[in-house]
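A.B. asks: One file is attached below, structure14.cif, containing mmCIF, C-alpha atoms.
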data_run
#
loop_
_atom_site.label_atom_id
_atom_site.label_comp_id
_atom_site.auth_asym_id
_atom_site.auth_seq_id
_atom_site.Cartn_x
_atom_site.Cartn_y
_atom_site.Cartn_z
CA MET A 1 232.35 -53.73 2.07
CA ILE A 2 230.12 -55.17 4.74
CA ARG A 3 228.80 -53.56 7.90
CA VAL A 4 226.82 -54.95 10.85
CA THR A 5 224.64 -52.61 12.90
CA ARG A 6 223.21 -53.50 16.28
CA ARG A 7 220.67 -51.42 18.21
CA TYR A 8 220.53 -50.93 21.97
CA ARG A 9 218.34 -48.89 24.30
CA PHE A 10 218.74 -47.11 27.60
CA SER A 11 216.69 -44.58 29.54
CA ALA A 12 218.36 -41.57 31.11
CA SER A 13 217.77 -38.00 32.13
CA HIS A 14 219.74 -34.89 31.27
CA ARG A 15 219.60 -31.12 31.24
CA LEU A 16 221.11 -28.93 28.52
CA HIS A 17 222.71 -25.87 30.06
CA ALA A 18 225.93 -24.21 28.93
CA PRO A 19 227.65 -22.55 31.91
CA GLU A 20 229.28 -19.96 29.62
CA LEU A 21 225.86 -18.59 28.62
CA SER A 22 223.40 -16.54 30.66
CA ASP A 23 220.13 -18.05 31.89
CA THR A 24 218.27 -16.10 29.20
CA GLU A 25 220.62 -17.31 26.48
CA ASN A 26 220.37 -20.91 27.71
CA ARG A 27 216.58 -20.68 27.70
CA ALA A 28 216.58 -19.24 24.18
CA LEU A 29 219.03 -21.85 22.88
CA TYR A 30 217.84 -25.06 24.54
CA GLY A 31 214.15 -24.27 25.19
CA GLN A 32 212.47 -26.93 27.34
CA CYS A 33 215.70 -28.94 27.42
CA ASN A 34 216.99 -26.19 29.77
CA ASN A 35 214.26 -26.76 32.41
CA PRO A 36 216.19 -26.72 35.70
CA PHE A 37 215.49 -30.21 37.01
CA GLY A 38 216.15 -32.05 33.77
CA HIS A 39 214.02 -34.52 31.84
CA GLY A 40 214.43 -37.99 30.33
CA HIS A 41 214.51 -39.93 27.09
CA ASN A 42 214.39 -43.49 25.93
CA TYR A 43 217.65 -43.36 24.03
CA GLU A 44 218.26 -45.70 21.14
CA ILE A 45 221.80 -46.20 19.91
CA ALA A 46 223.02 -48.06 16.84
CA VAL A 47 226.57 -49.41 16.87
CA SER A 48 228.06 -50.14 13.42
CA VAL A 49 230.97 -52.51 12.96
CA ARG A 50 233.04 -53.27 9.87
CA GLY A 51 235.35 -56.13 9.17
CA PRO A 52 235.91 -59.24 7.15
CA VAL A 53 233.41 -62.11 7.40
CA ASP A 54 235.04 -64.77 9.58
CA GLU A 55 235.00 -67.91 7.41
CA ARG A 56 234.51 -70.21 10.37
CA THR A 57 231.41 -68.43 11.71
CA GLY A 58 230.05 -66.51 8.71
CA ARG A 59 230.04 -63.44 10.93
CA VAL A 60 231.70 -60.03 10.96
CA VAL A 61 231.46 -59.70 14.73
CA ASP A 62 230.73 -61.99 17.65
CA LEU A 63 227.41 -60.46 18.74
CA ALA A 64 227.62 -61.82 22.28
CA ALA A 65 231.04 -60.17 22.66
CA LEU A 66 229.72 -56.88 21.21
CA ASP A 67 226.64 -57.02 23.46
CA GLY A 68 228.89 -57.60 26.48
CA LEU A 69 231.13 -54.66 25.62
CA VAL A 70 228.17 -52.30 25.07
CA GLU A 71 226.51 -53.55 28.25
CA ARG A 72 229.61 -52.88 30.37
CA GLN A 73 230.69 -49.61 28.77
CA VAL A 74 227.34 -47.99 27.94
CA LEU A 75 224.17 -49.61 29.21
CA ALA A 76 225.26 -50.37 32.78
CA PRO A 77 226.72 -46.89 33.43
CA PHE A 78 224.04 -44.92 31.51
CA ASP A 79 220.73 -46.73 31.98
CA HIS A 80 218.42 -45.11 34.54
CA ARG A 81 221.02 -42.47 35.30
CA ASN A 82 221.24 -38.71 35.19
CA LEU A 83 223.82 -38.02 32.49
CA ASN A 84 224.85 -34.64 33.98
CA GLU A 85 225.46 -36.08 37.44
CA ASP A 86 226.26 -39.75 37.08
CA VAL A 87 228.58 -39.91 34.06
CA GLU A 88 231.93 -38.41 35.01
CA ALA A 89 233.05 -37.71 31.43
CA LEU A 90 229.88 -35.78 30.64
CA ARG A 91 230.02 -33.51 33.70
CA ALA A 92 232.29 -31.02 31.99
CA THR A 93 230.21 -30.97 28.79
CA VAL A 94 226.62 -30.25 27.84
CA PRO A 95 225.10 -33.74 27.41
CA THR A 96 223.67 -33.15 23.96
CA SER A 97 223.32 -36.15 21.65
CA GLU A 98 226.42 -34.87 19.84
CA ASN A 99 228.53 -34.99 23.00
CA LEU A 100 226.91 -38.22 24.12
CA GLY A 101 227.75 -39.83 20.76
CA ARG A 102 231.38 -38.76 21.07
CA GLU A 103 231.59 -40.18 24.59
CA LEU A 104 230.11 -43.48 23.38
CA ILE A 105 232.76 -43.70 20.64
CA ARG A 106 235.51 -42.94 23.17
CA ARG A 107 234.29 -45.62 25.59
CA LEU A 108 233.92 -48.28 22.92
CA LYS A 109 237.23 -47.45 21.22
CA GLN A 110 239.21 -47.43 24.47
CA ASN A 111 237.98 -50.89 25.38
CA TRP A 112 237.65 -52.35 21.88
CA HIS A 113 240.90 -54.26 21.67
CA ALA A 114 240.36 -55.91 25.05
CA VAL A 115 237.49 -57.75 23.30
CA PHE A 116 238.35 -57.74 19.57
CA PRO A 117 242.00 -58.27 18.58
CA PRO A 118 243.66 -56.08 15.93
CA GLY A 119 242.79 -57.38 12.44
CA GLY A 120 239.29 -58.28 13.64
CA PRO A 121 236.11 -56.20 13.48
CA CYS A 122 236.47 -52.39 13.75
CA LEU A 123 234.07 -49.87 15.22
CA GLU A 124 232.81 -47.68 12.37
CA LYS A 125 230.19 -45.36 13.87
CA VAL A 126 227.57 -44.86 16.53
CA ALA A 127 224.17 -43.27 15.96
CA VAL A 128 222.28 -41.75 18.89
CA ALA A 129 218.52 -41.11 18.79
CA GLU A 130 217.06 -39.24 21.77
CA THR A 131 213.63 -39.60 20.24
CA SER A 132 212.42 -41.23 17.05
CA ARG A 133 212.46 -37.83 15.33
CA ASN A 134 216.19 -37.22 15.35
CA ALA A 135 219.46 -39.11 14.88
CA PHE A 136 223.09 -38.11 15.39
CA GLU A 137 225.84 -40.16 13.77
CA VAL A 138 229.42 -39.98 14.98
CA SER A 139 232.16 -41.69 13.02
CA ALA A 140 234.73 -43.62 15.04
CA TYR A 141 237.42 -42.02 12.89
CA GLU A 142 236.62 -38.47 14.12
CA ILE A 143 237.30 -39.24 17.79
CA GLU A 144 240.63 -40.18 19.40
CA MET B 1 220.59 -40.40 -6.85
CA LEU B 2 219.75 -43.33 -4.59
CA ILE B 3 216.38 -45.07 -4.44
CA THR B 4 215.47 -47.77 -1.96
CA ARG B 5 212.74 -50.37 -2.07
CA LYS B 6 211.80 -52.62 0.82
CA VAL B 7 210.53 -56.21 0.76
CA GLU B 8 209.97 -58.74 3.51
CA PHE B 9 210.27 -62.49 3.75
CA SER B 10 209.97 -64.98 6.59
CA ALA B 11 212.34 -67.89 6.84
CA SER B 12 213.98 -70.25 9.29
CA HIS B 13 217.64 -71.04 9.71
CA VAL B 14 220.17 -72.56 12.05
CA CYS B 15 223.69 -71.21 12.52
CA ARG B 16 226.16 -74.02 13.15
CA ASN B 17 229.57 -74.87 11.83
CA PRO B 18 229.72 -78.65 11.24
CA ARG B 19 233.43 -78.63 12.12
CA PHE B 20 232.71 -77.12 15.57
CA SER B 21 231.89 -79.13 18.68
CA GLU B 22 228.53 -78.58 20.36
CA GLU B 23 230.24 -76.29 22.89
CA GLU B 24 231.99 -74.27 20.17
CA ASN B 25 228.74 -73.84 18.25
CA ARG B 26 226.98 -72.73 21.41
CA ALA B 27 229.77 -70.25 22.18
CA ALA B 28 229.85 -68.83 18.64
CA PHE B 29 226.14 -68.70 17.84
CA GLY B 30 224.22 -68.92 21.13
CA ALA B 31 220.53 -69.79 20.71
CA ALA B 32 220.94 -69.48 16.92
CA ALA B 33 222.72 -72.87 17.09
CA ASN B 34 219.63 -74.72 18.39
CA PRO B 35 219.63 -77.73 16.08
CA HIS B 36 216.11 -77.62 14.68
CA GLY B 37 216.35 -73.97 13.67
CA HIS B 38 214.26 -70.89 14.35
CA GLY B 39 212.79 -68.12 12.22
CA HIS B 40 212.80 -64.42 11.51
CA ASN B 41 210.74 -61.87 9.64
CA TYR B 42 213.54 -60.54 7.49
CA VAL B 43 213.27 -57.05 6.01
CA LEU B 44 215.37 -56.32 2.94
CA GLU B 45 216.09 -52.79 1.71
CA VAL B 46 217.57 -52.68 -1.78
CA THR B 47 219.20 -49.43 -2.88
CA LEU B 48 219.84 -48.50 -6.49
CA GLU B 49 222.07 -45.75 -7.77
CA GLY B 50 221.35 -43.96 -11.02
CA THR B 51 220.22 -40.90 -12.91
CA PRO B 52 216.54 -40.36 -13.71
CA ASP B 53 215.71 -41.11 -17.33
CA PRO B 54 214.95 -37.75 -19.05
CA VAL B 55 211.75 -39.13 -20.60
CA THR B 56 210.26 -41.13 -17.73
CA GLY B 57 211.77 -39.20 -14.82
CA MET B 58 212.58 -42.52 -13.15
CA VAL B 59 215.89 -44.17 -12.24
CA LEU B 60 214.27 -47.56 -12.81
CA ASP B 61 210.67 -48.57 -13.28
CA LEU B 62 209.74 -49.65 -9.75
CA LYS B 63 207.35 -52.24 -11.18
CA ARG B 64 210.36 -53.91 -12.78
CA LEU B 65 212.36 -53.68 -9.56
CA LYS B 66 209.45 -55.22 -7.66
CA GLU B 67 209.32 -58.11 -10.14
CA ILE B 68 213.08 -58.70 -9.86
CA LEU B 69 212.98 -58.66 -6.04
CA SER B 70 210.00 -60.94 -6.01
CA ARG B 71 211.49 -63.46 -8.46
CA GLU B 72 215.12 -63.43 -7.29
CA VAL B 73 214.64 -63.10 -3.53
CA VAL B 74 211.13 -63.43 -2.11
CA GLU B 75 210.09 -66.48 -4.13
CA VAL B 76 213.40 -68.16 -3.27
CA TYR B 77 213.58 -67.31 0.45
CA ASP B 78 210.05 -66.79 1.72
CA HIS B 79 208.67 -69.50 4.05
CA ARG B 80 211.73 -71.70 3.56
CA PHE B 81 214.20 -73.39 5.89
CA LEU B 82 217.31 -71.80 4.41
CA ASN B 83 219.78 -74.54 5.42
CA ARG B 84 217.70 -77.23 3.70
CA GLU B 85 215.99 -75.47 0.84
CA VAL B 86 218.06 -72.54 -0.42
CA ALA B 87 221.53 -72.93 -1.92
CA PRO B 88 224.27 -72.14 -0.94
CA PHE B 89 223.12 -72.50 2.66
CA ASP B 90 223.48 -76.27 2.59
CA ARG B 91 227.22 -75.49 2.93
CA VAL B 92 227.38 -71.77 3.87
CA ILE B 93 226.22 -70.73 7.35
CA PRO B 94 223.10 -68.55 6.85
CA THR B 95 224.15 -65.66 9.07
CA ALA B 96 222.69 -62.26 8.20
CA GLU B 97 226.09 -61.40 6.67
CA ASN B 98 226.08 -64.40 4.33
CA ILE B 99 222.40 -63.91 3.42
CA ALA B 100 223.07 -60.25 2.51
CA ILE B 101 225.99 -61.32 0.30
CA ASP B 102 223.90 -64.04 -1.38
CA ILE B 103 221.06 -61.59 -2.06
CA TRP B 104 223.55 -59.13 -3.58
CA ASN B 105 224.88 -61.93 -5.81
CA ARG B 106 221.36 -62.86 -6.94
CA LEU B 107 220.29 -59.27 -7.68
CA GLU B 108 223.42 -57.70 -9.12
CA PRO B 109 223.27 -59.38 -12.58
CA HIS B 110 219.74 -57.98 -13.05
CA LEU B 111 220.51 -54.49 -11.77
CA ASN B 112 223.68 -53.43 -13.53
CA GLY B 113 222.24 -51.48 -16.46
CA ALA B 114 222.96 -47.91 -17.52
CA SER B 115 220.19 -46.70 -15.19
CA GLY B 116 219.48 -48.28 -11.85
CA ARG B 117 222.70 -49.99 -10.81
CA LEU B 118 222.65 -51.93 -7.53
CA HIS B 119 224.26 -49.79 -4.80
CA GLY B 120 223.67 -51.75 -1.61
CA VAL B 121 221.51 -54.22 0.24
CA ARG B 122 220.48 -53.83 3.87
CA LEU B 123 219.12 -56.94 5.55
CA TRP B 124 217.34 -56.66 8.90
CA GLU B 125 217.28 -59.98 10.74
CA THR B 126 215.47 -58.39 13.69
CA PRO B 127 214.58 -54.73 14.38
CA ASP B 128 217.86 -54.58 16.37
CA LEU B 129 220.28 -56.18 13.91
CA CYS B 130 221.05 -55.30 10.31
CA VAL B 131 223.80 -55.90 7.77
CA ASP B 132 224.76 -53.58 4.89
CA TYR B 133 226.63 -55.01 1.93
CA PHE B 134 227.90 -52.95 -1.00
CA GLY B 135 229.54 -55.66 -3.08
CA GLY B 136 233.22 -56.45 -3.42
CA ALA B 137 235.39 -58.08 -0.79
CA ALA B 138 233.36 -58.68 2.33
#
The structure in this file should be written as structure tokens.
C.D. replies:
Amino acid sequence: MIRVTRRYRFSASHRLHAPELSDTENRALYGQCNNPFGHGHNYEIAVSVRGPVDERTGRVVDLAALDGLVERQVLAPFDHRNLNEDVEALRATVPTSENLGRELIRRLKQNWHAVFPPGGPCLEKVAVAETSRNAFEVSAYEIE
Amino acid sequence: MLITRKVEFSASHVCRNPRFSEEENRAAFGAAANPHGHGHNYVLEVTLEGTPDPVTGMVLDLKRLKEILSREVVEVYDHRFLNREVAPFDRVIPTAENIAIDIWNRLEPHLNGASGRLHGVRLWETPDLCVDYFGGAA
């Protein structure tokens, strides 16, 4: 089995606040991440791809094609944005790294076959790091 | 239990398919197809799987692992132009995928004992691109 992992970065702001909880509960649960005007991170994401090595190129995935897909689906809509306000799909959720990771999988999966035909490379997982001290991995197989 | 040791080597390569036209090589490999090659500081993480020896408490003597990595990989790859100086890259395109597979093939015969069996190799070509290979069909 062979896997290729590519890292990308974007900077965005967010605020963690669950509307079902009281202000006191939100404060207790999310701490500083609940501060009312939000805050930002330099996000780092790692996109992992599996597939056979193409004999003609020696590669699992065309990196320029992968970069283009991630640029269009993730970096352009997320970079220098407020995730709560500017990303439609995240408005109804709390933009934790868990929910962000699931949204990244959804976006990449929905547009995958426009770039990579069936039988070619498959998306395996995405890892999201808000800071260098934590990482959240979401498998492509857990999300429709 | 898994244990991982890291080594680094610096090498140059060029990614071109001799059966492709100039345009096809450019489309497939981008700047990596520039004819005179370019280099990377590669970082290799080698992971072994095994059970600690009841006497030594170690899966494998790391001194021995260091010697194997040095002899089988670093001395072969470090400060070399892979396409010219390291087989099989005179005929196999030295992408990170193919280098990871070649390193697995070089290490596996030396790391298949009762303790300390090769589990996987992770090759970083840049801090933003890595390949994991676990043997078998790629």
A.B. asks: Give as a ChimeraX atom specification every residue of chain A that touches chain B within 7 Å, counting all atoms listed in the file.
C.D. replies: /A:1-7,52-53,56-59,62
A.B. asks: Per residue of range 63-103 of chain A within 12 Å of range 46-51 of chain A, which atom pair is closest and at what distance in Å (one decimal), using only C-alpha atoms, listed by chain and increasing number, as a tab-separated table?
C.D. replies:
residue	atom	partner	partner_atom	distance
A:Leu63	CA	A:Val49	CA	10.5
A:Leu66	CA	A:Val47	CA	9.2
A:Asp67	CA	A:Val47	CA	10.1
A:Leu69	CA	A:Val47	CA	11.2
A:Val70	CA	A:Val47	CA	8.8
A:Val74	CA	A:Val47	CA	11.2
A:Gly101	CA	A:Ala46	CA	10.3
A.B. asks: Can you list what the PyMOL selection byres ((chain B and resi 49) around 12) grabs from this structure, as an NGL selection string?
C.D. replies: :B and (1-5 or 46-48 or 50-52 or 58-60 or 111-121 or 134)
A.B. asks: Which residue out of A:Pro121, A:Pro36, A:Gly31, A:Gly68 has the minimum interatomic distance to Arg15 in chain A when only C-alpha atoms are used?
C.D. replies: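 Comparing A:Pro121, A:Pro36, A:Gly31, A:Gly68 against Arg15 in chain A, the winner is A:Pro36.
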A.B. asks: What would the selection look like, as a list of chain:residue names, if the PyMOL selection byres ((chain A and resi 102) around 10) were run on the coordinates I just shared?
C.D. replies: A:Thr96, A:Ser97, A:Glu98, A:Asn99, A:Leu100, A:Gly101, A:Glu103, A:Leu104, A:Ile105, A:Arg106, A:Arg107, A:Lys125, A:Val126, A:Ala127, A:Val128, A:Glu137, A:Val138, A:Ser139, A:Ala140, A:Glu142, A:Ile143, A:Glu144
A.B. asks: Just checking: using all atoms listed in the file, which residue out of A:Val61, A:Ala18, A:Ala12, A:Cys122 ends up closest to Val87 in chain A?
C.D. replies: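 Smallest distance to Val87 in chain A is found for A:Ala12.
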A.B. asks: Can you measure CA of His14 in chain A to CA of Glu71 in chain A for me? One decimal in Å is fine.
C.D. replies: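 The value is 20.1 Å.
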A.B. asks: Using Å and a single decimal, report how far CA of Asn134 in chain A sits from CA of Phe37 in chain A.
C.D. replies: 22.8 Å
A.B. asks: Starting from the shown file, work through the PyMOL selection byres ((chain A and resi 30) around 12) and note down what comes out as a PDB file with C-alpha atoms, in the frame of the given file.
C.D. replies:
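The result, written out as selection.pdb:
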ATOM      1  CA  ARG A  15     219.600 -31.120  31.240  1.00  0.00           C
ATOM      2  CA  LEU A  16     221.110 -28.930  28.520  1.00  0.00           C
ATOM      3  CA  HIS A  17     222.710 -25.870  30.060  1.00  0.00           C
ATOM      4  CA  ALA A  18     225.930 -24.210  28.930  1.00  0.00           C
ATOM      5  CA  LEU A  21     225.860 -18.590  28.620  1.00  0.00           C
ATOM      6  CA  SER A  22     223.400 -16.540  30.660  1.00  0.00           C
ATOM      7  CA  ASP A  23     220.130 -18.050  31.890  1.00  0.00           C
ATOM      8  CA  THR A  24     218.270 -16.100  29.200  1.00  0.00           C
ATOM      9  CA  GLU A  25     220.620 -17.310  26.480  1.00  0.00           C
ATOM     10  CA  ASN A  26     220.370 -20.910  27.710  1.00  0.00           C
ATOM     11  CA  ARG A  27     216.580 -20.680  27.700  1.00  0.00           C
ATOM     12  CA  ALA A  28     216.580 -19.240  24.180  1.00  0.00           C
ATOM     13  CA  LEU A  29     219.030 -21.850  22.880  1.00  0.00           C
ATOM     14  CA  GLY A  31     214.150 -24.270  25.190  1.00  0.00           C
ATOM     15  CA  GLN A  32     212.470 -26.930  27.340  1.00  0.00           C
ATOM     16  CA  CYS A  33     215.700 -28.940  27.420  1.00  0.00           C
ATOM     17  CA  ASN A  34     216.990 -26.190  29.770  1.00  0.00           C
ATOM     18  CA  ASN A  35     214.260 -26.760  32.410  1.00  0.00           C
ATOM     19  CA  PRO A  36     216.190 -26.720  35.700  1.00  0.00           C
ATOM     20  CA  GLY A  38     216.150 -32.050  33.770  1.00  0.00           C
ATOM     21  CA  VAL A  94     226.620 -30.250  27.840  1.00  0.00           C
ATOM     22  CA  PRO A  95     225.100 -33.740  27.410  1.00  0.00           C
ATOM     23  CA  THR A  96     223.670 -33.150  23.960  1.00  0.00           C
TER      24      THR A  96
END
A.B. asks: Pick the closest to Arg26 in chain B from A:Glu85, A:Ala64, A:His80, A:Ser11: which is it, counting only C-alpha atoms?
C.D. replies: A:Ala64
A.B. asks: Could you tell me how far CA of Asp78 in chain B lies from CA of Tyr8 in chain A, in Å and to one decimal?
C.D. replies: 27.8 Å
A.B. asks: For Val76 in chain B, please output as a PyMOL selection string all residues within 10 Å (counting all atoms listed in the file; exclusion window: fewer than 6 positions along the same chain).
C.D. replies: chain B and resi 9+69-70+82+85-87
A.B. asks: Please output range 15-48 of chain B, rebuilt to include N, CA and C atoms, as a JSON list (two decimals), keeping the file's coordinate frame.
C.D. replies:
[["chain", "number", "residue", "atom", "x", "y", "z"],
["B", 15, "CYS", "N", 222.29, -71.60, 12.72],
["B", 15, "CYS", "CA", 223.69, -71.21, 12.52],
["B", 15, "CYS", "C", 224.58, -72.16, 13.30],
["B", 16, "ARG", "N", 225.22, -73.05, 12.57],
["B", 16, "ARG", "CA", 226.16, -74.02, 13.15],
["B", 16, "ARG", "C", 227.27, -74.24, 12.16],
["B", 17, "ASN", "N", 228.46, -74.46, 12.69],
["B", 17, "ASN", "CA", 229.57, -74.87, 11.83],
["B", 17, "ASN", "C", 229.76, -76.37, 12.07],
["B", 18, "PRO", "N", 229.64, -77.20, 11.03],
["B", 18, "PRO", "CA", 229.72, -78.65, 11.24],
["B", 18, "PRO", "C", 231.08, -79.11, 11.77],
["B", 19, "ARG", "N", 232.10, -78.25, 11.60],
["B", 19, "ARG", "CA", 233.43, -78.63, 12.12],
["B", 19, "ARG", "C", 233.61, -78.25, 13.59],
["B", 20, "PHE", "N", 232.63, -77.52, 14.15],
["B", 20, "PHE", "CA", 232.71, -77.12, 15.57],
["B", 20, "PHE", "C", 232.09, -78.21, 16.44],
["B", 21, "SER", "N", 232.56, -78.28, 17.68],
["B", 21, "SER", "CA", 231.89, -79.13, 18.68],
["B", 21, "SER", "C", 230.59, -78.43, 19.10],
["B", 22, "GLU", "N", 229.77, -79.16, 19.84],
["B", 22, "GLU", "CA", 228.53, -78.58, 20.36],
["B", 22, "GLU", "C", 228.84, -77.32, 21.19],
["B", 23, "GLU", "N", 229.88, -77.42, 22.02],
["B", 23, "GLU", "CA", 230.24, -76.29, 22.89],
["B", 23, "GLU", "C", 230.70, -75.09, 22.06],
["B", 24, "GLU", "N", 231.50, -75.37, 21.01],
["B", 24, "GLU", "CA", 231.99, -74.27, 20.17],
["B", 24, "GLU", "C", 230.83, -73.61, 19.42],
["B", 25, "ASN", "N", 229.89, -74.42, 18.93],
["B", 25, "ASN", "CA", 228.74, -73.84, 18.25],
["B", 25, "ASN", "C", 227.92, -72.98, 19.19],
["B", 26, "ARG", "N", 227.75, -73.47, 20.40],
["B", 26, "ARG", "CA", 226.98, -72.73, 21.41],
["B", 26, "ARG", "C", 227.68, -71.41, 21.73],
["B", 27, "ALA", "N", 229.02, -71.47, 21.85],
["B", 27, "ALA", "CA", 229.77, -70.25, 22.18],
["B", 27, "ALA", "C", 229.73, -69.25, 21.03],
["B", 28, "ALA", "N", 229.80, -69.74, 19.79],
["B", 28, "ALA", "CA", 229.85, -68.83, 18.64],
["B", 28, "ALA", "C", 228.47, -68.28, 18.28],
["B", 29, "PHE", "N", 227.44, -69.09, 18.40],
["B", 29, "PHE", "CA", 226.14, -68.70, 17.84],
["B", 29, "PHE", "C", 225.02, -68.58, 18.87],
["B", 30, "GLY", "N", 225.25, -69.02, 20.11],
["B", 30, "GLY", "CA", 224.22, -68.92, 21.13],
["B", 30, "GLY", "C", 222.98, -69.70, 20.74],
["B", 31, "ALA", "N", 221.81, -69.11, 21.00],
["B", 31, "ALA", "CA", 220.53, -69.79, 20.71],
["B", 31, "ALA", "C", 220.35, -70.04, 19.22],
["B", 32, "ALA", "N", 221.07, -69.28, 18.37],
["B", 32, "ALA", "CA", 220.94, -69.48, 16.92],
["B", 32, "ALA", "C", 221.49, -70.84, 16.49],
["B", 33, "ALA", "N", 222.20, -71.54, 17.41],
["B", 33, "ALA", "CA", 222.72, -72.87, 17.09],
["B", 33, "ALA", "C", 221.73, -73.98, 17.44],
["B", 34, "ASN", "N", 220.59, -73.66, 18.04],
["B", 34, "ASN", "CA", 219.63, -74.72, 18.39],
["B", 34, "ASN", "C", 219.34, -75.56, 17.15],
["B", 35, "PRO", "N", 219.48, -76.89, 17.27],
["B", 35, "PRO", "CA", 219.63, -77.73, 16.08],
["B", 35, "PRO", "C", 218.45, -77.74, 15.11],
["B", 36, "HIS", "N", 217.25, -77.54, 15.60],
["B", 36, "HIS", "CA", 216.11, -77.62, 14.68],
["B", 36, "HIS", "C", 215.74, -76.28, 14.05],
["B", 37, "GLY", "N", 216.55, -75.25, 14.33],
["B", 37, "GLY", "CA", 216.35, -73.97, 13.67],
["B", 37, "GLY", "C", 215.31, -73.10, 14.36],
["B", 38, "HIS", "N", 215.18, -71.90, 13.83],
["B", 38, "HIS", "CA", 214.26, -70.89, 14.35],
["B", 38, "HIS", "C", 214.05, -69.90, 13.21],
["B", 39, "GLY", "N", 213.12, -68.97, 13.36],
["B", 39, "GLY", "CA", 212.79, -68.12, 12.22],
["B", 39, "GLY", "C", 212.85, -66.64, 12.50],
["B", 40, "HIS", "N", 212.83, -65.88, 11.42],
["B", 40, "HIS", "CA", 212.80, -64.42, 11.51],
["B", 40, "HIS", "C", 211.86, -63.86, 10.44],
["B", 41, "ASN", "N", 211.35, -62.66, 10.71],
["B", 41, "ASN", "CA", 210.74, -61.87, 9.64],
["B", 41, "ASN", "C", 211.85, -60.96, 9.13],
["B", 42, "TYR", "N", 212.44, -61.34, 8.04],
["B", 42, "TYR", "CA", 213.54, -60.54, 7.49],
["B", 42, "TYR", "C", 212.96, -59.36, 6.72],
["B", 43, "VAL", "N", 213.64, -58.23, 6.82],
["B", 43, "VAL", "CA", 213.27, -57.05, 6.01],
["B", 43, "VAL", "C", 214.49, -56.70, 5.17],
["B", 44, "LEU", "N", 214.27, -56.60, 3.87],
["B", 44, "LEU", "CA", 215.37, -56.32, 2.94],
["B", 44, "LEU", "C", 215.13, -54.95, 2.30],
["B", 45, "GLU", "N", 216.14, -54.09, 2.39],
["B", 45, "GLU", "CA", 216.09, -52.79, 1.71],
["B", 45, "GLU", "C", 217.13, -52.83, 0.61],
["B", 46, "VAL", "N", 216.68, -52.63, -0.62],
["B", 46, "VAL", "CA", 217.57, -52.68, -1.78],
["B", 46, "VAL", "C", 217.71, -51.26, -2.33],
["B", 47, "THR", "N", 218.95, -50.80, -2.43],
["B", 47, "THR", "CA", 219.20, -49.43, -2.88],
["B", 47, "THR", "C", 219.88, -49.43, -4.24],
["B", 48, "LEU", "N", 219.29, -48.65, -5.14],
["B", 48, "LEU", "CA", 219.84, -48.50, -6.49],
["B", 48, "LEU", "C", 220.44, -47.11, -6.63]]
